[in-house]
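Asker: Sending over upload_23.txt (compact mmCIF, C-alpha atoms).
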```txt
# COMPACT_ATOMS: atom_id res chain seq x y z
CA MET A 288 4.49 75.48 -5.12
CA ALA A 289 2.78 77.33 -2.38
CA LEU A 290 -0.97 77.72 -2.13
CA GLN A 291 -2.39 80.49 -4.26
CA THR A 292 -4.90 83.08 -3.13
CA LEU A 293 -7.08 84.68 -5.81
CA THR A 294 -9.38 87.61 -5.12
CA TYR A 295 -12.16 88.99 -7.28
CA THR A 296 -14.85 91.64 -6.94
CA PHE A 297 -17.95 91.69 -9.10
CA PRO A 298 -20.67 94.34 -9.25
CA GLY A 299 -23.92 92.92 -7.88
CA LYS A 300 -27.33 94.06 -6.74
CA THR A 301 -27.65 96.07 -3.56
CA GLY A 302 -29.70 94.30 -0.92
CA CYS A 303 -29.80 90.99 -2.81
CA THR A 304 -27.76 89.11 -0.25
CA ILE A 305 -28.39 85.66 1.24
CA LYS A 306 -31.09 85.09 3.87
CA LYS A 307 -28.79 83.62 6.52
CA GLU A 308 -26.09 85.79 8.04
CA TRP A 309 -23.59 83.17 6.88
CA SER A 310 -23.62 79.64 5.54
CA HIS A 311 -21.05 76.90 4.94
CA THR A 312 -21.21 74.17 2.29
CA GLY A 313 -18.97 71.33 1.19
CA VAL A 314 -15.84 69.47 2.22
CA VAL A 315 -12.29 70.07 0.94
CA GLY A 316 -11.99 66.54 -0.40
CA SER A 317 -9.94 65.63 -3.45
CA GLY A 318 -11.55 67.28 -6.48
CA ASP A 319 -13.93 69.16 -4.23
CA LEU A 320 -14.18 72.45 -2.33
CA GLU A 321 -15.84 74.24 0.56
CA ILE A 322 -17.70 77.53 0.27
CA LEU A 323 -18.39 80.06 2.98
CA LEU A 324 -21.02 82.67 2.13
CA GLU A 325 -21.41 85.74 4.31
CA GLN A 326 -23.69 88.76 4.13
CA LYS A 327 -21.58 91.85 3.57
CA ALA A 328 -22.92 95.33 2.88
CA GLN A 329 -20.56 96.69 0.19
CA ALA A 330 -22.75 98.69 -2.21
CA GLY A 331 -23.98 95.53 -3.91
CA ALA A 332 -20.56 94.10 -4.64
CA VAL A 333 -19.76 90.39 -4.43
CA SER A 334 -16.22 89.82 -3.17
CA VAL A 335 -14.62 86.42 -3.65
CA GLN A 336 -11.48 84.87 -2.21
CA VAL A 337 -10.29 81.54 -3.59
CA VAL A 338 -7.47 79.55 -1.97
CA THR A 339 -6.29 76.81 -4.31
CA PRO A 340 -3.24 74.61 -4.94
CA VAL A 341 -3.84 74.83 -8.70
CA HIS A 342 -1.95 77.48 -10.67
CA GLY A 343 -2.82 78.97 -14.04
CA PHE A 344 -6.62 78.88 -13.91
CA GLU A 345 -7.29 82.46 -12.78
CA TYR A 346 -9.42 83.27 -15.84
CA ILE A 347 -11.50 80.11 -15.54
CA TRP A 348 -12.25 80.95 -11.92
CA GLU A 349 -13.18 84.49 -12.93
CA ALA A 350 -15.54 83.24 -15.66
CA VAL A 351 -17.26 80.68 -13.41
CA LEU A 352 -17.67 83.18 -10.57
CA LYS A 353 -18.89 85.95 -12.89
CA ASP A 354 -21.54 83.60 -14.28
CA PHE A 355 -22.60 82.68 -10.75
CA VAL A 356 -23.04 86.32 -9.72
CA GLU A 357 -24.85 87.33 -12.88
CA GLU A 358 -27.14 84.31 -13.18
CA ASN A 359 -28.33 84.62 -9.62
CA GLN A 360 -28.36 88.43 -9.52
CA ILE A 361 -26.93 88.46 -6.02
CA GLY A 362 -25.09 91.22 -4.19
CA ASP A 363 -23.68 92.36 -0.87
CA LEU A 364 -22.01 89.02 -0.42
CA ALA A 365 -18.56 87.73 0.61
CA VAL A 366 -17.61 84.36 -0.85
CA SER A 367 -14.66 82.41 0.59
CA ILE A 368 -13.55 79.22 -1.12
CA ASN A 369 -11.02 76.57 -0.17
CA ASP A 370 -10.43 74.48 -3.27
CA ASN A 371 -8.69 71.16 -3.76
CA ASN A 372 -8.50 70.63 -7.53
CA ALA A 373 -12.23 70.89 -8.25
CA THR A 374 -13.25 71.10 -11.92
CA PRO A 375 -15.17 74.19 -13.11
CA PHE A 376 -18.31 72.07 -13.30
CA VAL A 377 -17.99 70.98 -9.67
CA VAL A 378 -17.32 74.59 -8.66
CA SER A 379 -20.53 75.76 -10.39
CA LEU A 380 -22.53 72.96 -8.79
CA ARG A 381 -21.21 73.68 -5.30
CA LEU A 382 -21.82 77.43 -5.68
CA LYS A 383 -25.42 76.70 -6.61
CA GLN A 384 -25.75 74.33 -3.67
CA ALA A 385 -24.17 76.88 -1.31
CA LEU A 386 -26.59 79.59 -2.40
CA ARG A 387 -29.55 77.27 -1.92
CA GLU A 388 -28.42 76.36 1.59
CA ALA A 389 -27.76 80.00 2.45
CA GLY A 390 -31.25 81.03 1.39
CA ILE A 391 -31.77 82.54 -2.06
CA PRO A 392 -32.68 86.26 -1.98
CA GLU A 393 -36.42 86.94 -1.94
CA ILE A 394 -36.17 89.10 -5.05
CA PHE A 395 -34.77 86.17 -7.01
CA LEU A 396 -37.59 83.91 -5.92
CA GLU A 397 -40.11 86.53 -7.02
CA ARG A 398 -38.45 86.65 -10.43
CA GLU A 399 -38.63 82.86 -10.63
CA GLY A 400 -42.35 83.18 -9.91
CA GLU A 401 -42.77 85.61 -12.80
CA LYS A 402 -41.12 83.20 -15.19
CA THR A 403 -43.46 80.33 -14.47
CA MET B 189 -33.15 61.41 6.94
CA SER B 190 -33.58 59.69 10.31
CA ARG B 191 -31.95 56.54 8.90
CA GLN B 192 -29.05 58.40 7.36
CA SER B 193 -25.96 56.27 6.87
CA PHE B 194 -23.09 57.07 9.22
CA LEU B 195 -20.60 55.81 6.64
CA GLY B 196 -21.71 58.19 3.90
CA ALA B 197 -22.24 61.30 6.04
CA THR B 198 -19.86 64.23 6.41
CA ALA B 199 -18.22 64.98 9.76
CA ARG B 200 -20.58 67.95 10.22
CA GLU B 201 -23.68 65.86 9.48
CA ARG B 202 -22.48 63.25 11.97
CA ALA B 203 -21.81 65.86 14.66
CA ALA B 204 -25.33 67.25 14.32
CA GLY B 205 -26.95 63.81 14.05
CA LEU B 206 -25.18 62.24 17.02
CA THR B 207 -26.77 64.77 19.35
CA ASP B 208 -30.51 65.35 19.79
CA ALA B 209 -32.16 67.20 16.90
CA GLY B 210 -31.53 70.93 16.91
CA THR B 211 -29.21 70.94 19.93
CA PHE B 212 -25.80 70.91 18.25
CA GLN B 213 -23.84 74.14 18.41
CA GLU B 214 -20.58 74.15 16.49
CA LEU B 215 -17.61 75.77 18.22
CA ALA B 216 -14.52 77.00 16.38
CA GLY B 217 -16.49 76.45 13.16
CA PRO B 218 -15.72 77.36 9.55
CA ARG B 219 -16.46 81.06 10.04
CA ASP B 220 -13.59 81.25 12.53
CA ARG B 221 -11.28 80.23 9.67
CA LEU B 222 -8.89 78.18 11.81
CA THR B 223 -6.86 76.84 8.90
CA SER B 224 -3.53 75.06 9.18
CA PRO B 225 -0.50 77.37 9.19
CA HIS B 226 1.67 74.57 7.77
CA LEU B 227 -0.19 73.44 4.65
CA PRO B 228 -0.01 76.67 2.55
CA VAL B 229 3.80 76.64 2.29
CA LEU B 230 3.60 73.03 1.07
CA GLY B 231 0.99 73.96 -1.52
CA GLU B 232 -1.63 71.72 0.11
CA ALA B 233 -5.28 72.72 0.23
CA VAL B 234 -6.56 74.04 3.55
CA SER B 235 -9.96 73.77 5.23
CA PHE B 236 -11.72 76.32 7.44
CA ASP B 237 -12.28 73.67 10.13
CA ASP B 238 -8.92 71.90 9.56
CA GLY B 239 -10.84 68.66 9.05
CA ILE B 240 -12.34 68.45 12.52
CA VAL B 241 -15.82 69.56 13.57
CA THR B 242 -16.12 70.48 17.24
CA GLY B 243 -19.07 71.58 19.31
CA VAL B 244 -21.58 70.79 22.00
CA GLY B 245 -25.07 69.34 21.97
CA MET B 246 -27.45 67.34 24.10
CA VAL B 247 -28.11 63.60 24.25
CA ARG B 248 -31.20 63.23 26.40
CA GLN B 249 -30.22 65.21 29.54
CA HIS B 250 -26.47 64.99 29.03
CA PRO B 251 -24.40 67.86 27.66
CA VAL B 252 -22.23 66.08 25.10
CA PHE B 253 -19.01 67.60 23.78
CA VAL B 254 -18.44 66.48 20.22
CA ILE B 255 -15.32 65.88 18.11
CA SER B 256 -16.02 64.68 14.58
CA GLN B 257 -13.19 63.99 12.15
CA GLU B 258 -13.59 64.44 8.38
CA GLY B 259 -11.91 61.70 6.37
CA ARG B 260 -12.30 63.44 3.05
CA PHE B 261 -9.89 66.19 4.08
CA ILE B 262 -6.35 64.72 3.92
CA GLY B 263 -7.69 61.35 5.07
CA GLY B 264 -8.74 62.83 8.41
CA ALA B 265 -5.10 63.15 9.45
CA VAL B 266 -4.69 65.23 12.61
CA GLY B 267 -2.50 68.32 12.54
CA GLU B 268 -1.78 71.18 14.92
CA VAL B 269 -5.04 73.12 14.61
CA GLY B 270 -7.34 70.08 14.55
CA GLY B 271 -5.49 68.66 17.55
CA ALA B 272 -5.86 71.92 19.46
CA LYS B 273 -9.59 71.91 18.70
CA MET B 274 -9.84 68.39 20.11
CA VAL B 275 -8.01 69.41 23.28
CA GLY B 276 -10.24 72.48 23.61
CA ILE B 277 -13.33 70.27 23.61
CA PHE B 278 -11.93 68.14 26.47
CA GLN B 279 -11.14 71.28 28.45
CA LEU B 280 -14.68 72.57 27.99
CA ALA B 281 -16.07 69.18 29.07
CA LEU B 282 -13.90 69.18 32.20
CA ALA B 283 -14.99 72.74 33.04
CA GLU B 284 -18.61 71.66 32.57
CA TYR B 285 -17.95 68.69 34.86
CA GLU B 286 -16.91 71.08 37.67
CA GLU B 287 -20.13 73.05 37.12
CA TRP B 288 -22.15 69.84 37.18
CA LYS B 289 -20.47 68.73 40.40
CA SER B 290 -21.22 72.00 42.15
CA HIS B 291 -24.85 71.81 41.07
CA GLY B 292 -25.86 68.51 42.63
CA ALA B 293 -24.03 66.10 40.31
CA GLN B 294 -27.12 64.32 39.04
CA GLU B 295 -26.09 61.22 37.08
CA ASP B 296 -28.59 61.74 34.28
CA CYS B 297 -27.00 65.13 33.49
CA ARG B 298 -23.33 64.12 33.64
CA PRO B 299 -21.33 65.67 30.77
CA ALA B 300 -19.60 63.41 28.26
CA VAL B 301 -17.18 63.60 25.33
CA ILE B 302 -17.77 61.77 22.06
CA ILE B 303 -15.15 61.38 19.33
CA SER B 304 -16.19 60.24 15.88
CA PHE B 305 -12.96 58.87 14.49
CA GLU B 306 -12.19 59.05 10.79
CA THR B 307 -8.44 59.25 10.51
CA GLY B 308 -5.16 57.59 9.71
CA GLY B 309 -3.48 59.38 12.63
CA VAL B 310 -0.78 62.02 12.37
CA ARG B 311 -0.84 64.47 9.47
CA LEU B 312 2.61 63.90 8.07
CA HIS B 313 2.82 67.45 6.66
CA GLU B 314 2.99 68.78 10.21
CA ALA B 315 4.43 65.71 11.86
CA ASN B 316 5.77 67.05 15.16
CA ALA B 317 2.75 69.23 15.85
CA GLY B 318 0.48 66.35 14.88
CA LEU B 319 2.26 63.91 17.17
CA LEU B 320 2.12 66.39 20.01
CA ALA B 321 -1.62 66.78 19.40
CA HIS B 322 -2.05 63.01 19.80
CA ALA B 323 -0.16 63.05 23.10
CA GLU B 324 -2.20 65.99 24.36
CA VAL B 325 -5.48 64.28 23.50
CA MET B 326 -4.32 61.12 25.33
CA ASP B 327 -3.43 63.32 28.30
CA GLN B 328 -6.91 64.87 28.25
CA ILE B 329 -8.53 61.43 28.18
CA GLN B 330 -6.59 60.60 31.34
CA CYS B 331 -7.73 63.89 32.92
CA CYS B 332 -11.32 62.83 32.22
CA ARG B 333 -11.03 59.53 34.07
CA GLY B 334 -13.42 59.24 36.97
CA LYS B 335 -15.14 62.41 35.80
CA VAL B 336 -16.27 62.63 32.20
CA PRO B 337 -16.97 59.49 30.15
CA VAL B 338 -15.23 59.49 26.76
CA LEU B 339 -16.94 57.55 23.97
CA GLY B 340 -15.28 56.63 20.68
CA LEU B 341 -17.46 56.10 17.59
CA ILE B 342 -16.08 54.31 14.55
CA GLY B 343 -18.23 53.75 11.49
CA SER B 344 -16.55 55.87 8.88
CA LYS B 345 -14.98 55.10 5.54
CA VAL B 346 -11.38 55.80 6.52
CA GLY B 347 -11.75 54.04 9.88
CA CYS B 348 -9.43 54.75 12.80
CA PHE B 349 -5.75 53.93 12.35
CA GLY B 350 -2.26 55.09 13.20
CA GLY B 351 -1.77 57.28 16.25
CA MET B 352 -5.51 57.78 16.59
CA GLY B 353 -5.83 53.99 16.94
CA PHE B 354 -3.89 54.40 20.19
CA VAL B 355 -6.11 57.30 21.21
CA ALA B 356 -9.22 55.19 20.52
CA ALA B 357 -7.79 52.37 22.65
CA ALA B 358 -7.56 54.82 25.57
CA VAL B 359 -11.22 55.93 25.62
CA ASP B 360 -13.82 54.42 27.97
CA VAL B 361 -16.33 52.97 25.53
CA ILE B 362 -16.07 52.19 21.82
CA VAL B 363 -19.13 51.95 19.58
CA MET B 364 -18.65 50.59 16.05
CA SER B 365 -20.66 49.58 13.03
CA PRO B 366 -19.53 46.55 10.98
CA GLU B 367 -18.33 49.05 8.35
CA GLY B 368 -16.09 50.79 10.88
CA ARG B 369 -12.45 49.71 11.00
CA LEU B 370 -10.03 50.03 13.86
CA GLY B 371 -6.34 49.27 14.11
CA LEU B 372 -2.88 50.66 14.66
CA THR B 373 -1.00 49.95 11.45
CA GLY B 374 -3.31 50.35 8.47
CA PRO B 375 -3.68 47.57 5.85
CA GLU B 376 -1.66 49.38 3.18
CA VAL B 377 1.20 50.09 5.54
CA ILE B 378 1.36 46.42 6.64
CA GLU B 379 1.49 45.29 3.02
CA GLN B 380 4.15 47.87 2.21
CA GLU B 381 6.31 46.91 5.18
CA ILE B 382 5.98 43.10 5.28
CA GLY B 383 4.50 42.07 1.95
CA LYS B 384 1.34 41.03 0.15
CA GLU B 385 1.52 37.46 1.48
CA GLU B 386 1.31 38.87 5.01
CA PHE B 387 -1.59 41.21 4.32
CA ASP B 388 -3.25 41.90 0.99
CA SER B 389 -4.58 45.45 1.29
CA ALA B 390 -6.70 44.99 -1.85
CA ASP B 391 -8.69 42.21 -0.14
CA LYS B 392 -11.64 44.13 1.27
CA SER B 393 -13.19 41.19 3.08
CA LEU B 394 -9.84 40.34 4.71
CA ILE B 395 -9.57 43.94 5.95
CA SER B 396 -13.13 43.80 7.25
CA ARG B 397 -12.55 40.47 9.03
CA THR B 398 -9.35 41.70 10.64
CA THR B 399 -10.13 45.32 11.50
CA GLY B 400 -13.92 45.63 11.10
CA GLY B 401 -16.56 46.18 13.75
CA LYS B 402 -17.66 42.54 14.07
CA HIS B 403 -14.14 41.28 14.76
CA LYS B 404 -13.46 44.11 17.20
CA TYR B 405 -16.74 43.35 18.98
CA LEU B 406 -15.87 39.65 19.32
CA MET B 407 -12.39 40.55 20.64
CA ARG B 408 -13.87 43.17 23.04
CA ASP B 409 -11.88 45.98 21.43
CA CYS B 410 -15.31 47.41 20.68
CA ASN B 411 -18.02 47.45 23.36
CA VAL B 412 -21.18 48.06 21.36
CA LEU B 413 -21.93 47.08 17.77
CA VAL B 414 -24.64 48.99 15.89
CA PRO B 415 -25.92 49.04 12.30
CA ASP B 416 -24.66 51.74 9.95
CA SER B 417 -26.97 54.63 10.80
CA ILE B 418 -26.35 57.90 12.62
CA GLU B 419 -29.53 57.28 14.59
CA ALA B 420 -28.28 53.89 15.82
CA PHE B 421 -25.06 55.51 17.02
CA ARG B 422 -26.99 58.27 18.81
CA GLN B 423 -29.25 55.68 20.43
CA ALA B 424 -26.19 53.76 21.61
CA ILE B 425 -24.64 56.92 23.10
CA GLY B 426 -27.85 57.62 25.03
CA ASP B 427 -28.07 54.03 26.30
CA ILE B 428 -24.42 54.03 27.44
CA LEU B 429 -24.78 57.36 29.24
CA GLU B 430 -27.80 56.05 31.12
CA LYS B 431 -25.62 53.43 32.79
CA PRO B 432 -23.84 54.16 36.08
CA TYR B 433 -20.40 55.69 35.51
CA GLU B 434 -18.68 52.60 36.99
CA GLU B 435 -20.12 50.50 34.15
CA MET B 436 -18.39 52.72 31.61
CA GLU B 437 -15.10 52.31 33.46
CA LYS B 438 -15.51 48.54 33.09
CA CYS B 439 -15.64 48.94 29.30
CA ARG B 440 -12.05 50.18 29.18
CA ARG B 441 -9.31 48.22 27.39
CA ILE B 442 -6.37 49.80 29.17
CA GLY B 443 -5.79 51.79 32.34
CA SER B 444 -5.08 49.32 35.16
CA PRO B 445 -2.55 46.54 35.89
CA ALA B 446 -5.39 43.99 35.62
CA LEU B 447 -6.31 45.25 32.14
CA VAL B 448 -2.68 45.20 31.04
CA LYS B 449 -2.43 41.59 32.19
CA GLU B 450 -5.63 40.76 30.35
CA GLN B 451 -4.28 42.24 27.11
CA LEU B 452 -0.99 40.37 27.50
CA ASP B 453 -2.88 37.12 28.13
CA VAL B 454 -4.86 37.65 24.94
CA ALA B 455 -1.65 38.22 22.99
CA GLU B 456 -0.17 35.02 24.45
CA TRP B 457 -3.31 33.02 23.73
CA LEU B 458 -3.33 34.27 20.12
CA ALA B 459 0.35 33.42 19.69
CA ASP B 460 -0.34 29.85 20.87
CA LEU B 461 -3.39 29.57 18.63
CA ALA B 462 -1.39 30.75 15.59
CA PRO B 463 -4.50 31.53 13.51
CA SER B 464 -4.25 31.98 9.73
CA ASP B 465 -7.41 34.07 9.61
CA ALA B 466 -9.66 36.02 12.00
CA ARG B 467 -12.28 33.29 11.54
CA ASP B 468 -9.95 30.79 13.25
CA VAL B 469 -9.96 33.06 16.30
CA TRP B 470 -13.75 33.36 16.26
CA LYS B 471 -14.13 29.59 16.07
CA ALA B 472 -11.68 29.07 18.91
CA MET B 473 -13.77 31.40 21.06
CA GLY B 474 -16.85 29.24 20.47
CA ASN B 475 -18.39 30.55 17.26
CA PRO B 476 -19.16 27.52 15.05
CA MET B 477 -20.98 29.79 12.56
CA ALA B 478 -17.90 31.97 12.06
CA GLU B 479 -17.88 31.44 8.29
CA GLU B 480 -21.29 33.10 8.01
CA TYR B 481 -20.56 36.08 10.27
CA PRO B 482 -19.22 38.46 7.60
CA ASP B 483 -22.52 38.34 5.67
CA MET B 484 -24.89 38.57 8.64
CA ASP B 485 -26.70 41.78 9.53
CA VAL B 486 -25.95 43.21 12.95
CA GLU B 487 -29.10 41.94 14.63
CA GLU B 488 -28.57 38.34 13.55
CA PHE B 489 -24.84 38.48 14.25
CA LEU B 490 -25.46 39.64 17.83
CA THR B 491 -27.75 36.68 18.54
CA HIS B 492 -24.93 34.25 17.61
CA ALA B 493 -21.78 36.10 18.65
CA VAL B 494 -19.76 34.55 21.49
CA ARG B 495 -17.21 37.13 22.58
CA ARG B 496 -13.78 36.65 24.10
CA ARG B 497 -14.09 35.69 27.73
CA ARG B 498 -12.72 38.31 30.08
CA GLY B 499 -9.93 37.48 32.46
CA GLU B 500 -7.97 34.35 31.54
CA GLN B 501 -8.74 32.60 28.26
```
Translate the structure of the given file into structure tokens.

Answerer:
Amino acid sequence: MALQTLTYTFPGKTGCTIKKEWSHTGVVGSGDLEILLEQKAQAGAVSVQVVTPVHGFEYIWEAVLKDFVEENQIGDLAVSINDNNATPFVVSLRLKQALREAGIPEIFLEREGEKT
Amino acid sequence: MSRQSFLGATARERAAGLTDAGTFQELAGPRDRLTSPHLPVLGEAVSFDDGIVTGVGMVRQHPVFVISQEGRFIGGAVGEVGGAKMVGIFQLALAEYEEWKSHGAQEDCRPAVIISFETGGVRLHEANAGLLAHAEVMDQIQCCRGKVPVLGLIGSKVGCFGGMGFVAAAVDVIVMSPEGRLGLTGPEVIEQEIGKEEFDSADKSLISRTTGGKHKYLMRDCNVLVPDSIEAFRQAIGDILEKPYEEMEKCRRIGSPALVKEQLDVAEWLADLAPSDARDVWKAMGNPMAEEYPDMDVEEFLTHAVRRRRGEQ
């Protein structure tokens, strides 16, 4: 079966994009994935494109990505993923890592500060 | 971080670490999204860099054009896009050479190409394009002769096998770590084709003795042996580039009738010796401590190692 391309758009927070203009994380190894994060002014939306050989997991992807956007309260971001059979847990971990490498939005750090 | 293992690093980490800190600039990087046009129809995962990191950085005063293969993506196999990226790097290096020549041609600023090999050769999914890429890279190495030194670095998990083993043989200087492995036919393919009694691909120490950095150093298939750290590789690159260009030419394995004769003489000598293990060859070259070599660290090994004599055996 051919590669599958999944696209999603989630509402996010305007101006809460990453610090770097763009950032790349990960290697498309077996059971792993790479993530490209790019700043993108789109009224706060987070757009995601996933290219994966695995079929039938559209809703799992959506759930994992939705959690990622909501937990981190990000926005104005384009996420591009090349996947090679990564588990949802690995996907979550890599997304977290990617965001850290890209520079977490200032607003989020301030919130973290409030919590502690 | 300065002692980061070469073996465990990603291709991108190696590319950045092999050049002086902060100087590496990736070209045709992930944001350019140069994915393979062949893999999607086969349902195979793609990568934004097609498994090869390319760019330019500095090693001391030298502009160094970098190719770094990623073994975790389809075993580092080279396809159409990755091959084109490799060729592009050679073309940039040759253009830089012309610039360098017209600006005084100072030896300590001569451009160079480094290839960090981590590959089994041709990507079978795009066989013809992959094969063509190998031929084109070989062609570029020839174009660089007398102009731009080409250094091969092998210290990765996958090693350097298949068609890229031929490409590695054609470069000027090869730097390896003991963990690096170099050959033409990979261990598993030998076992598959001839049998387990010929080559047991599950025997890690046999593979290391036959294809690993220490053996290749003794046989002169590898010119410089370094410990497994990115820093050690970078140091070695700098030290090699400080030498006069003619010295780098002398490191070559192929490329002249004299070198062809030398290789044929080695093959004949080995056939006469009929060794049952690489250690027999080491002993025959004058290494009485051969049995202990596999466990020695690089520093100790280098104090004992007696390499193959050049010219006639």

Asker: Report as a list in words the set of chain A residues whose atoms approach chain B to within 6 Å, with distances computed over only C-alpha atoms.

Answerer: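 So the contacting residues turn out to be Met288, Ala289, Leu290, Val315, Gly316, Pro340 and Asn371 of chain A.
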
Asker: Please determine the residues with any atom at most 8 Å from (-14.6, 61.9, 15.7) (coordinates as given in the file, with all atoms listed in the file counting) and report them as a ChimeraX atom specification.

Answerer: /B:199,240,254-258,302-306,340-342

Asker: Please determine, counting only C-alpha atoms, which residue among A:Val333, A:Ile347, A:Leu320, A:Leu382 has the shortest atom-to-atom distance to Tyr295 (chain A).

Answerer: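 That would be A:Val333, the residue with the smallest distance to Tyr295 (chain A).
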
Asker: May I have the residues within 8 Å of region 396-404 of chain B as a list in words, using all atoms listed in the file and disregarding those fewer than 2 positions away in the same chain?

Answerer: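 Using all atoms listed in the file, the neighbours found are Met364, Ser365, Pro366, Glu367, Gly368, Arg369, Leu370, Gly371, Lys392, Ser393, Leu394, Leu406, Met407, Arg408, Asp409, Cys410, Leu413, Asp465, Ala466, Arg467 and Pro482 of chain B.
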
Asker: Put a box with edges along x, y and z around all the listed atoms of region 261-264 of chain B, pad it by 5 Å on each side, then give me its centre and sizes in Å, one decimal, as lines of an AutoDock Vina configuration file.

Answerer:
```
center_x = -8.1
center_y = 63.8
center_z = 6.2
size_x = 13.5
size_y = 14.8
size_z = 14.5
```

Asker: What's the separation between CA of Arg496 (chain B) and CA of Ile362 (chain B), in Å to one decimal place?

Answerer: 15.9 Å

Asker: Go ahead and compute the interatomic distance for CA of Ala317 (chain B) and CA of Glu268 (chain B), in Å to one decimal.

Answerer: 5.0 Å

Asker: Go ahead and find all residues with at least one atom no further than 6 Å from (3.4, 74.1, 9.6) in the file's coordinates, using all atoms listed in the file; report them as a list in words.

Answerer: Pro225, His226 and Glu314 of chain B

Asker: Generate a file of the selected residues that holds C-alpha atoms, formatted as a short mmCIF file (atom, residue, chain, number, x, y, z; two decimals), keeping the file's coordinate frame.

Answerer:
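Saved file selection_30.cif follows:
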```
data_model
loop_
_atom_site.label_atom_id
_atom_site.label_comp_id
_atom_site.auth_asym_id
_atom_site.auth_seq_id
_atom_site.Cartn_x
_atom_site.Cartn_y
_atom_site.Cartn_z
CA PRO B 225 -0.50 77.37 9.19
CA HIS B 226 1.67 74.57 7.77
CA GLU B 314 2.99 68.78 10.21
#
```

Asker: Can you pull out every residue within 12 Å of Val454 (chain B), counting all atoms listed in the file, but drop anything in the same chain fewer than 4 positions away, and send it as a PyMOL selection string?

Answerer: chain B and resi 407-409+441+447-450+458-461+469+473+496-501

Asker: Just to confirm, what's the straight-line distance from CA of Leu429 (chain B) to CA of Phe278 (chain B) in Å (one decimal)?

Answerer: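 About the pair CA of Leu429 (chain B) and CA of Phe278 (chain B): they are 17.0 Å apart.
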
Asker: Excluding same-chain residues fewer than 5 positions from region 436-440 of chain B, what lies within 12 Å of it counting only C-alpha atoms, as a PyMOL selection string?

Answerer: chain B and resi 300+329-330+332-340+356-363+405+408-412+425+427-431+446-448+450-451+498

Asker: Have a look at B:Gly474, B:Gly350, B:Gly245, B:Pro445 and name the one nearest to Gly210 (chain B); count all atoms listed in the file.

Answerer: B:Gly245

Asker: With only C-alpha atoms as the counted atoms, please give the residues lying no more than 7 Å from Ser193 (chain B), apart from itself and same-chain residues fewer than 4 positions off, as a PyMOL selection string.

Answerer: chain B and resi 197+416-418

Asker: Nearest to Leu293 (chain A) among A:Asp363, A:Glu358, A:Glu388, A:Glu349, with distances taken over all atoms listed in the file: which residue is it?

Answerer: A:Glu349

Asker: Please provide as a VMD selection string all residues within 6 Å of Val366 (chain A), with the sequence filter that same-chain residues fewer than 6 positions apart are discarded (counting all atoms listed in the file).

Answerer: chain A and resid 323 to 324 335

Asker: Would you put the residues from that selection into a file with C-alpha atoms, as a JSON list (two decimals), in the coordinates of the input?

Answerer:
```json
[["chain", "number", "residue", "atom", "x", "y", "z"],
["A", 323, "LEU", "CA", -18.39, 80.06, 2.98],
["A", 324, "LEU", "CA", -21.02, 82.67, 2.13],
["A", 335, "VAL", "CA", -14.62, 86.42, -3.65]]
```

Asker: Between B:Ala455, B:Ala315, B:Met477, B:Val244, which residue has the minimum interatomic distance to Glu284 (chain B), considering only C-alpha atoms?

Answerer: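 The answer is B:Val244, which sits nearest to Glu284 (chain B).
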
Asker: Ranking B:Arg248, B:Leu280, B:Tyr433, B:Ser344 by minimum distance to Arg202 (chain B) and counting all atoms listed in the file, which one comes first?

Answerer: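 Nearest to Arg202 (chain B): B:Ser344.
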